[in-house]
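Next comes query24.txt, a file with compact mmCIF, C-alpha atoms.
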```
# COMPACT_ATOMS: atom_id res chain seq x y z
CA MET J 233 115.21 -129.95 21.50
CA GLU J 234 116.76 -129.62 24.85
CA LYS J 235 118.14 -133.10 24.55
CA SER J 236 119.74 -132.34 21.26
CA THR J 237 121.24 -129.20 22.73
CA ASN J 238 122.68 -131.09 25.62
CA LYS J 239 123.99 -133.66 23.31
CA SER J 240 125.68 -131.09 21.20
CA CYS J 241 127.29 -129.40 24.25
CA ARG J 242 128.63 -132.67 25.69
CA ARG J 243 132.23 -133.50 24.69
CA SER J 244 132.85 -136.86 23.15
CA LEU J 245 135.41 -139.34 24.42
CA PHE J 246 137.27 -139.07 21.17
CA ASP J 247 137.60 -135.33 21.59
CA ARG J 248 139.14 -135.78 25.05
CA PHE J 249 141.51 -138.39 23.72
CA SER J 250 142.52 -136.17 20.87
CA GLU J 251 143.12 -133.30 23.29
CA GLU J 252 145.27 -135.41 25.55
CA ILE J 253 147.31 -136.53 22.57
CA ASP J 254 147.76 -132.91 21.58
CA ASN J 255 148.79 -132.01 25.10
CA GLU J 256 151.31 -134.84 25.23
CA GLU J 257 152.75 -133.82 21.88
CA SER J 258 153.11 -130.27 23.06
CA THR J 259 154.74 -131.48 26.29
CA ILE J 260 157.10 -133.74 24.36
CA ALA J 261 157.90 -130.94 22.00
CA PHE J 262 158.68 -128.61 24.93
CA SER J 263 160.76 -131.29 26.61
CA ASN J 264 162.60 -131.96 23.38
CA ASN J 265 163.24 -128.30 22.98
CA ARG J 266 164.58 -128.05 26.52
CA GLU J 267 166.79 -131.10 26.10
CA THR J 268 168.02 -129.71 22.84
CA THR J 269 168.84 -126.46 24.60
CA ASN J 270 170.67 -128.28 27.39
CA MET J 271 172.59 -130.37 24.88
CA ASN J 272 173.56 -127.25 23.06
CA ASP J 273 174.76 -125.71 26.35
CA GLU J 274 176.72 -128.82 27.17
CA ASN J 275 178.26 -128.88 23.73
CA THR J 276 179.19 -125.25 24.14
CA SER J 277 180.84 -125.99 27.54
CA ILE J 278 182.76 -128.95 26.10
CA ASP J 279 183.91 -126.86 23.21
CA GLU J 280 185.11 -124.18 25.60
CA ASN J 281 187.04 -126.76 27.66
CA ILE J 282 188.59 -128.19 24.54
CA ASP J 283 189.64 -124.70 23.46
CA LEU J 284 191.14 -124.04 26.93
CA ILE J 285 193.10 -127.30 26.92
CA LYS J 286 194.27 -126.58 23.38
CA ARG J 287 195.48 -123.13 24.41
CA GLU J 288 197.31 -124.56 27.42
CA CYS J 289 198.98 -127.22 25.26
CA GLU J 290 199.95 -124.58 22.73
CA ALA J 291 201.42 -122.44 25.54
CA LYS J 292 203.40 -125.37 26.92
CA LEU J 293 204.65 -126.36 23.47
CA LYS J 294 205.66 -122.78 22.84
CA ALA J 295 207.51 -122.65 26.17
CA PHE J 296 209.27 -125.90 25.31
CA ASP J 297 210.14 -124.57 21.83
CA ASP J 298 211.50 -121.37 23.38
CA ALA J 299 213.60 -123.30 25.87
CA PHE J 300 214.84 -125.67 23.17
CA GLU J 301 215.69 -122.75 20.92
CA THR J 302 217.53 -121.03 23.78
CA ILE J 303 219.68 -124.13 24.27
CA TYR J 304 220.24 -125.23 20.66
CA GLY J 305 219.41 -122.11 18.67
CA ASN J 306 217.74 -122.52 15.31
CA ASN J 307 219.66 -125.70 14.50
CA GLU J 308 217.44 -128.61 13.79
CA VAL J 309 217.88 -131.62 16.06
CA ASN J 310 216.77 -134.97 14.79
CA PHE J 311 215.23 -137.78 16.77
CA ILE J 312 218.52 -139.71 17.10
CA GLN J 313 220.21 -136.73 18.69
CA VAL J 314 217.32 -136.28 21.09
CA LEU J 315 217.54 -139.95 21.96
CA GLN J 316 221.30 -139.71 22.53
CA MET J 317 220.81 -136.68 24.75
CA ALA J 318 218.16 -138.54 26.70
CA GLU J 319 220.54 -141.48 27.14
CA GLU J 320 223.31 -139.13 28.27
CA VAL J 321 220.98 -137.52 30.77
CA GLN J 322 219.97 -140.94 32.04
CA VAL J 323 223.61 -142.04 32.35
CA ASN J 324 224.51 -138.82 34.18
CA CYS J 325 221.56 -139.22 36.50
CA ILE J 326 222.57 -142.80 37.29
CA ARG J 327 226.16 -141.70 37.85
CA LEU J 328 224.99 -138.88 40.15
CA ILE J 329 222.73 -141.26 42.08
CA ASN J 330 225.61 -143.71 42.52
CA LEU J 331 227.89 -140.88 43.64
CA VAL J 332 225.33 -139.74 46.21
CA LYS J 333 224.94 -143.30 47.45
CA THR J 334 228.73 -143.62 47.73
CA GLN J 335 228.95 -140.37 49.67
CA ILE J 336 226.14 -141.47 51.96
CA ASN J 337 227.93 -144.75 52.61
CA SER J 338 231.18 -142.88 53.33
CA ILE J 339 229.36 -140.55 55.71
CA GLU J 340 227.75 -143.49 57.49
CA LYS J 341 231.13 -145.22 57.85
CA LEU J 342 232.70 -141.99 59.15
CA ARG J 343 229.80 -141.52 61.54
CA SER J 344 230.27 -145.07 62.80
CA LYS J 345 233.97 -144.41 63.36
CA ILE J 346 233.19 -141.16 65.20
CA ASN J 347 230.65 -142.92 67.42
CA LEU J 348 233.17 -145.64 68.13
CA LEU J 349 235.87 -143.10 68.98
CA GLU J 350 233.43 -141.15 71.16
CA ASN J 351 232.54 -144.30 73.06
CA LYS J 352 236.22 -145.15 73.49
CA HIS J 353 237.04 -141.62 74.64
CA LEU J 354 234.04 -141.60 76.94
CA ASN J 355 235.20 -144.85 78.51
CA THR J 356 238.71 -143.46 78.79
CA ILE J 357 237.45 -140.24 80.38
CA ASN J 358 235.30 -142.19 82.83
CA LYS J 359 238.29 -144.31 83.78
CA LEU J 360 240.47 -141.22 84.19
CA GLN J 361 237.81 -139.50 86.30
CA LEU J 362 237.59 -142.57 88.47
CA GLU J 363 241.37 -142.61 88.83
CA VAL J 364 241.40 -138.89 89.66
CA THR J 365 238.71 -139.44 92.30
CA LYS J 366 240.74 -142.26 93.82
CA LEU J 367 243.93 -140.18 93.75
CA ASN J 368 242.16 -137.19 95.32
CA LEU J 369 240.87 -139.43 98.08
CA GLN J 370 244.33 -140.86 98.62
CA LEU J 371 245.83 -137.37 98.55
CA LYS J 372 243.36 -136.13 101.15
CA GLN J 373 244.08 -139.12 103.34
CA GLN J 374 247.83 -138.65 102.97
CA SER J 375 247.51 -134.91 103.53
CA SER J 376 245.51 -135.45 106.68
CA PHE J 377 248.01 -138.02 107.88
CA ILE J 378 250.98 -135.74 107.13
CA CYS J 379 249.28 -132.78 108.80
CA THR J 380 248.62 -134.88 111.87
CA ILE J 381 252.27 -135.95 112.06
CA GLY J 382 253.47 -132.42 111.23
CA SER J 383 251.20 -130.88 113.82
CA THR J 384 252.48 -133.26 116.48
CA PHE J 385 256.10 -132.62 115.48
CA CYS J 386 255.69 -128.81 115.40
CA TYR J 387 253.85 -128.84 118.71
CA SER J 388 256.75 -130.68 120.31
CA LEU J 389 259.25 -128.37 118.61
CA SER J 390 257.37 -125.25 119.73
CA ARG J 391 257.51 -126.49 123.32
CA ALA J 392 261.21 -127.26 122.98
CA THR J 393 262.13 -123.88 121.44
CA GLN J 394 260.86 -121.96 124.42
CA THR J 395 264.44 -122.02 125.71
CA SER J 396 267.32 -120.10 124.11
CA SER J 397 269.63 -123.13 124.16
CA ALA J 398 267.21 -125.12 121.98
CA ILE J 399 266.94 -122.18 119.59
CA ASP J 400 270.73 -122.03 119.28
CA MET J 401 270.77 -125.71 118.40
CA ILE J 402 268.12 -125.23 115.70
CA LEU J 403 269.96 -122.24 114.26
CA GLN J 404 272.91 -124.40 113.31
CA GLU J 405 273.44 -124.12 109.56
CA ASP J 406 272.29 -127.53 108.33
CA CYS J 407 269.38 -127.79 110.74
CA ILE J 408 267.92 -124.32 110.15
CA THR J 409 268.24 -124.63 106.35
CA ASN J 410 266.19 -127.83 106.27
CA MET J 411 263.64 -126.47 108.71
CA ALA J 412 263.34 -123.18 106.81
CA GLN J 413 262.61 -125.09 103.60
CA LEU J 414 259.96 -127.13 105.40
CA ILE J 415 258.30 -123.99 106.78
CA THR J 416 258.48 -122.20 103.42
CA ASN J 417 256.95 -125.10 101.51
CA MET J 418 254.21 -125.60 104.07
CA LEU J 419 253.21 -121.93 104.23
CA SER J 420 253.32 -121.58 100.43
CA CYS J 421 251.00 -124.57 99.94
CA PHE J 422 248.69 -123.42 102.71
CA ILE J 423 248.33 -119.88 101.32
CA ARG J 424 247.88 -121.14 97.77
CA GLN J 425 245.15 -123.58 98.79
CA TYR J 426 243.29 -121.45 101.33
CA ASN J 427 243.89 -117.89 100.08
CA ASN J 428 240.14 -117.29 99.63
CA LYS J 429 238.76 -119.11 102.65
CA MET J 430 240.75 -120.18 105.67
CA PRO J 431 239.90 -123.54 107.24
CA SER J 432 238.67 -123.91 110.79
CA THR J 433 241.19 -123.84 113.59
CA LYS J 434 240.05 -127.36 114.48
CA THR J 435 241.36 -128.90 111.25
CA ASN J 436 244.71 -130.69 111.13
CA GLN J 437 245.95 -128.29 108.45
CA MET J 438 245.34 -125.24 110.62
CA LYS J 439 246.81 -126.89 113.69
CA PHE J 440 249.93 -127.74 111.68
CA VAL J 441 250.33 -124.10 110.58
CA LEU J 442 249.64 -122.68 114.05
CA HIS J 443 252.25 -124.91 115.72
CA MET J 444 254.74 -124.13 112.95
CA LEU J 445 254.19 -120.38 113.44
CA ARG J 446 254.75 -120.83 117.17
CA VAL J 447 258.18 -122.27 116.35
CA VAL J 448 258.92 -119.18 114.21
CA VAL J 449 257.72 -116.76 116.88
CA ASN J 450 259.96 -118.52 119.41
CA LEU J 451 262.91 -118.02 117.05
CA SER J 452 262.07 -114.31 116.78
CA THR J 453 262.40 -113.83 120.54
CA THR J 454 266.19 -114.17 120.39
CA GLU J 455 268.73 -111.92 118.72
CA SER J 456 270.19 -114.73 116.64
CA GLY J 457 266.71 -115.78 115.55
CA CYS J 458 265.79 -112.23 114.49
CA HIS J 459 269.07 -111.98 112.59
CA PHE J 460 268.22 -115.15 110.66
CA LEU J 461 264.65 -114.01 109.90
CA SER J 462 265.64 -110.50 108.77
CA GLN J 463 269.10 -110.93 107.19
CA VAL J 464 269.28 -114.46 105.73
CA ASN J 465 267.38 -115.26 102.54
CA ASP J 466 265.70 -118.36 103.97
CA GLY J 467 264.48 -116.35 106.94
CA ILE J 468 263.38 -113.40 104.78
CA ASN J 469 261.29 -115.79 102.67
CA ILE J 470 259.53 -116.95 105.82
CA ILE J 471 258.76 -113.35 106.87
CA ASN J 472 257.41 -112.52 103.41
CA LEU J 473 255.12 -115.55 103.58
CA ILE J 474 253.90 -114.55 107.04
CA VAL J 475 253.07 -111.07 105.68
CA SER J 476 251.12 -112.74 102.84
CA LEU J 477 249.38 -115.00 105.35
CA VAL J 478 248.25 -111.95 107.35
CA LEU J 479 246.76 -110.40 104.21
CA HIS J 480 244.60 -113.49 103.58
CA THR J 481 243.54 -114.14 107.17
CA PRO J 482 240.17 -112.72 108.30
CA PRO J 483 239.83 -111.19 111.79
CA SER J 484 237.73 -114.18 112.84
CA HIS J 485 240.95 -116.26 112.92
CA GLY J 486 242.30 -114.24 115.83
CA VAL J 487 244.78 -116.87 117.04
CA LEU J 488 246.52 -117.04 113.67
CA LYS J 489 246.74 -113.25 113.34
CA LYS J 490 247.94 -112.88 116.91
CA ILE J 491 250.89 -115.25 116.34
CA ALA J 492 251.71 -113.70 112.93
CA TYR J 493 251.58 -110.12 114.25
CA THR J 494 253.79 -111.09 117.21
CA THR J 495 256.41 -112.56 114.89
CA LEU J 496 256.42 -109.46 112.67
CA TYR J 497 256.59 -107.20 115.72
CA ASN J 498 259.64 -109.02 117.12
CA VAL J 499 261.46 -108.94 113.78
CA SER J 500 260.63 -105.28 113.14
CA ASN J 501 262.47 -104.18 116.29
CA ARG J 502 265.90 -105.58 115.33
CA PHE J 503 268.36 -105.46 112.42
CA ASN J 504 266.14 -103.10 110.43
CA GLY J 505 263.56 -105.84 110.12
CA HIS J 506 260.90 -103.16 109.69
CA LEU J 507 262.19 -102.59 106.15
CA LEU J 508 260.73 -105.99 105.21
CA MET J 509 257.27 -104.63 106.07
CA GLU J 510 257.13 -101.58 103.80
CA ASN J 511 254.07 -103.00 102.16
CA ASN J 512 250.94 -101.05 101.25
CA LYS J 513 248.65 -104.05 101.66
CA LEU J 514 250.09 -104.88 105.08
CA ILE J 515 249.42 -101.33 106.29
CA GLN J 516 245.89 -101.51 104.82
CA THR J 517 245.28 -104.73 106.75
CA LEU J 518 246.62 -103.19 109.97
CA ASN J 519 244.35 -100.17 109.47
CA ASN J 520 241.31 -102.42 108.93
CA ASP J 521 242.10 -104.50 112.01
CA ILE J 522 242.56 -101.38 114.14
CA LYS J 523 239.09 -100.15 113.17
CA LEU J 524 237.39 -103.36 114.25
CA VAL J 525 234.59 -103.03 116.78
CA PRO J 526 235.98 -104.53 120.00
CA ASN J 527 234.41 -107.77 121.17
CA GLY J 528 235.56 -110.84 122.97
CA GLY J 529 236.85 -112.50 119.80
CA ASN J 530 238.92 -109.77 118.18
CA ASN J 531 240.34 -107.76 121.11
CA TYR J 532 243.72 -109.45 120.69
CA VAL J 533 243.72 -108.69 116.97
CA ILE J 534 243.23 -104.98 117.68
CA LEU J 535 245.93 -104.88 120.36
CA PHE J 536 248.56 -106.77 118.38
CA SER J 537 247.88 -104.78 115.19
CA ILE J 538 248.39 -101.53 117.18
CA ASN J 539 251.64 -102.88 118.63
CA LEU J 540 252.98 -103.71 115.18
CA LEU J 541 251.90 -100.36 113.73
CA HIS J 542 253.59 -98.55 116.61
CA SER J 543 256.82 -100.45 115.97
CA LEU J 544 256.72 -99.55 112.27
CA THR J 545 256.29 -95.83 113.08
CA GLU J 546 259.25 -95.77 115.49
CA LYS J 547 261.92 -96.02 112.74
CA MET J 548 260.06 -94.45 109.85
CA ASN J 549 261.85 -93.58 106.63
CA LYS J 550 260.30 -91.50 103.86
CA SER J 551 258.90 -94.42 101.90
CA MET J 552 257.19 -95.85 104.99
CA TYR J 553 255.86 -92.40 105.86
CA THR J 554 254.33 -92.11 102.38
CA ILE J 555 252.59 -95.45 102.82
CA LEU J 556 251.30 -94.55 106.27
CA LYS J 557 250.11 -91.14 105.10
CA ASN J 558 248.09 -92.72 102.31
CA GLU J 559 246.69 -95.67 104.27
CA ILE J 560 246.26 -94.55 107.90
CA ASN J 561 243.52 -92.18 109.03
CA LEU J 562 244.86 -90.25 112.03
CA GLN J 563 241.33 -89.54 113.25
CA GLU J 564 240.81 -93.29 113.65
CA ILE J 565 244.04 -93.45 115.66
CA LEU J 566 242.82 -90.65 117.97
CA LYS J 567 239.63 -92.60 118.66
CA LEU J 568 241.74 -95.37 120.18
CA THR J 569 243.12 -92.99 122.81
CA ARG J 570 239.75 -93.23 124.56
CA TYR J 571 240.45 -96.82 125.63
CA THR J 572 242.80 -97.73 128.43
CA GLU J 573 244.42 -100.67 126.62
CA THR J 574 245.18 -98.72 123.45
CA GLU J 575 245.58 -95.13 124.71
CA SER J 576 249.37 -95.07 125.07
CA LYS J 577 250.28 -96.82 121.82
CA ALA J 578 247.66 -94.90 119.82
CA ARG J 579 249.01 -91.54 121.04
CA LYS J 580 252.58 -92.58 120.20
CA ILE J 581 251.52 -93.64 116.69
CA TYR J 582 249.79 -90.30 116.18
CA ASN J 583 252.82 -88.32 117.41
CA ASN J 584 255.29 -90.38 115.32
CA ILE J 585 253.32 -89.78 112.13
CA LYS J 586 252.99 -86.07 112.94
CA ILE J 587 256.77 -85.76 113.51
CA ALA J 588 257.48 -87.62 110.25
CA SER J 589 255.04 -85.32 108.47
CA GLU J 590 256.91 -82.22 109.62
CA LYS J 591 260.24 -83.81 108.69
CA TYR J 592 259.49 -85.12 105.22
CA ASN J 593 257.00 -82.47 104.09
CA ASN J 594 259.60 -79.76 104.68
CA GLU J 595 262.23 -81.46 102.53
```

Turn this file's structure into structure tokens for me.
Amino acid sequence: MEKSTNKSCRRSLFDRFSEEIDNEESTIAFSNNRETTNMNDENTSIDENIDLIKRECEAKLKAFDDAFETIYGNNEVNFIQVLQMAEEVQVNCIRLINLVKTQINSIEKLRSKINLLENKHLNTINKLQLEVTKLNLQLKQQSSFICTIGSTFCYSLSRATQTSSAIDMILQEDCITNMAQLITNMLSCFIRQYNNKMPSTKTNQMKFVLHMLRVVVNLSTTESGCHFLSQVNDGINIINLIVSLVLHTPPSHGVLKKIAYTTLYNVSNRFNGHLLMENNKLIQTLNNDIKLVPNGGNNYVILFSINLLHSLTEKMNKSMYTILKNEINLQEILKLTRYTETESKARKIYNNIKIASEKYNNE
């Protein structure tokens, strides 16, 4: 009995096989269902893409139709006309391309010509610069040589004109005219070249000018020489240039200012030569030189500027008084009375200006 019961409870091999078949069929059915679902999803996605592409094509076709209608209106255009238009567009494009190529070629040719001209001009400029450099070098050499000769000549002439007889010989008409032109040209060139910065006294140019000015100051020591320098046009031109030279000469060039101030002082004392010095800038320069702090290098500048200022205040007209009143500080003049060398002249300058003030202010 128990055996039969056990036998009935035991599963047969066929039953297991049948169950496995059933399980496989159910698995296959589930897999088929899933694949079917996936295929359906994929078909749905493809359909959606197709619809999207179709809508885009329809939108583009509509845009093309709108543009075509805007250009040609509602008139129908056949295929031949479209083909002709396409050919015309192609011909125009080819023509435009050829035109652009032609323009590019023209531009390249023009650019080549410009580069060639630039190279030629550059070579020309380099040659000219080289020539200018050579000419400047030659000019400097010639200038130095001329200044050396001129300095030697003027030195000899300045030594010779220390006597009145030699001055009388120079003041002969032909001789003094040529010499006056030489002095005028030399001073004009010197002032024009060195108006901002004077060269050293050791240079040939400065030596030339110093020796030339010594000749002029020797001429101013005689009555006939002062007459020439203050009354004759050639001489007046020289005095005007000396005034200009004083304006451009710094106090550090004491020797040059000393000689120039001495010449102006000598001329101012005769034949109304002081009228040539009614110059605001000259009085300003004198005032600046008077106020210099005394030291070994500028003592002569102070003394000679005071001498010239004193001379100009001795025969003072109204116009000169106006200049002096505007440019000279009398308190600075009084300070100079404290020094032995300048006391007398400073007091006379002060008194002369005070007397002129009473005279012209009461008019």

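Closest approach to Glu546 in chain J among J:Val525, J:Met438, J:Ile585, J:Cys407: J:Ile585, based on only C-alpha atoms.
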
So which residues touch range 443-452 of chain J within 7 Å, counting all atoms listed in the file, skipping near sequence neighbours fewer than 3 positions away, as a ChimeraX atom specification?
-> /J:383,386-387,389-390,393-394,399,439-440,457-458,491,494-495,498-499

Based on the selection just made, write C-alpha atoms of those residues as a short mmCIF file (atom, residue, chain, number, x, y, z; two decimals), keeping the file's coordinate frame.
```cif
data_model
loop_
_atom_site.label_atom_id
_atom_site.label_comp_id
_atom_site.auth_asym_id
_atom_site.auth_seq_id
_atom_site.Cartn_x
_atom_site.Cartn_y
_atom_site.Cartn_z
CA SER J 383 251.20 -130.88 113.82
CA CYS J 386 255.69 -128.81 115.40
CA TYR J 387 253.85 -128.84 118.71
CA LEU J 389 259.25 -128.37 118.61
CA SER J 390 257.37 -125.25 119.73
CA THR J 393 262.13 -123.88 121.44
CA GLN J 394 260.86 -121.96 124.42
CA ILE J 399 266.94 -122.18 119.59
CA LYS J 439 246.81 -126.89 113.69
CA PHE J 440 249.93 -127.74 111.68
CA GLY J 457 266.71 -115.78 115.55
CA CYS J 458 265.79 -112.23 114.49
CA ILE J 491 250.89 -115.25 116.34
CA THR J 494 253.79 -111.09 117.21
CA THR J 495 256.41 -112.56 114.89
CA ASN J 498 259.64 -109.02 117.12
CA VAL J 499 261.46 -108.94 113.78
#
```

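Of the listed residues (J:Arg502, J:Arg391, J:Arg424, J:His485), J:Arg502 comes nearest to Ser462 in chain J; the distances count only C-alpha atoms.
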
Kindly provide, as a ChimeraX atom specification, the polymer residues lying within 12 Å of (257.4, -95.9, 101.4), counting all atoms listed in the file and using the coordinates exactly as they appear in the file.
-> /J:506-513,515,544-545,548-559,592

Residues from the last selection, C-alpha atoms, saved as an mmCIF file, in the coordinates of the input:
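Heads up, here's the output in selection-v8.cif:
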```cif
data_model
loop_
_atom_site.group_PDB
_atom_site.id
_atom_site.type_symbol
_atom_site.label_atom_id
_atom_site.label_comp_id
_atom_site.auth_asym_id
_atom_site.auth_seq_id
_atom_site.Cartn_x
_atom_site.Cartn_y
_atom_site.Cartn_z
ATOM 1 C CA HIS J 506 260.900 -103.160 109.690
ATOM 2 C CA LEU J 507 262.190 -102.590 106.150
ATOM 3 C CA LEU J 508 260.730 -105.990 105.210
ATOM 4 C CA MET J 509 257.270 -104.630 106.070
ATOM 5 C CA GLU J 510 257.130 -101.580 103.800
ATOM 6 C CA ASN J 511 254.070 -103.000 102.160
ATOM 7 C CA ASN J 512 250.940 -101.050 101.250
ATOM 8 C CA LYS J 513 248.650 -104.050 101.660
ATOM 9 C CA ILE J 515 249.420 -101.330 106.290
ATOM 10 C CA LEU J 544 256.720 -99.550 112.270
ATOM 11 C CA THR J 545 256.290 -95.830 113.080
ATOM 12 C CA MET J 548 260.060 -94.450 109.850
ATOM 13 C CA ASN J 549 261.850 -93.580 106.630
ATOM 14 C CA LYS J 550 260.300 -91.500 103.860
ATOM 15 C CA SER J 551 258.900 -94.420 101.900
ATOM 16 C CA MET J 552 257.190 -95.850 104.990
ATOM 17 C CA TYR J 553 255.860 -92.400 105.860
ATOM 18 C CA THR J 554 254.330 -92.110 102.380
ATOM 19 C CA ILE J 555 252.590 -95.450 102.820
ATOM 20 C CA LEU J 556 251.300 -94.550 106.270
ATOM 21 C CA LYS J 557 250.110 -91.140 105.100
ATOM 22 C CA ASN J 558 248.090 -92.720 102.310
ATOM 23 C CA GLU J 559 246.690 -95.670 104.270
ATOM 24 C CA TYR J 592 259.490 -85.120 105.220
#
```

Might I get the box with edges along x, y and z of the file that holds all atoms of range 506-511 of chain J listed there, padded by 4 Å on every side, given as centre and edge lengths in Å to one decimal, as lines of an AutoDock Vina configuration file?
```
center_x = 258.1
center_y = -103.8
center_z = 105.9
size_x = 16.1
size_y = 12.4
size_z = 15.5
```

As a check of understanding: the span from CA of Ala492 in chain J to CA of Phe460 in chain J is 16.7 Å

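In this structure, CA of Thr416 in chain J sits 7.5 Å away from CA of Leu473 in chain J.
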
Go ahead and find all residues with at least one atom no further than 12 Å from (249.9, -126.7, 103.3) in the file's coordinates, using only C-alpha atoms; report them as JSON, numbers by chain.
-> {"J": [372, 375, 376, 378, 379, 380, 382, 383, 414, 415, 416, 417, 418, 419, 420, 421, 422, 423, 424, 425, 426, 427, 430, 431, 435, 436, 437, 438, 439, 440, 441, 442, 444, 477]}

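The smallest atom-to-atom distance between Ser476 in chain J and any of J:Thr517, J:Glu455, J:Arg570, J:Lys586, using all atoms listed in the file, is found for J:Thr517.
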
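A straight line drawn from CA of Ile522 in chain J to CA of Lys591 in chain J is 25.5 Å long.
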
Considering only C-alpha atoms, return as a PyMOL selection string whatever protein or nucleic-acid residues lie within 12 Å of Thr572 in chain J, sequence-local ones (same chain, fewer than 6 positions apart) excluded.
-> chain J and resi 535+578-579
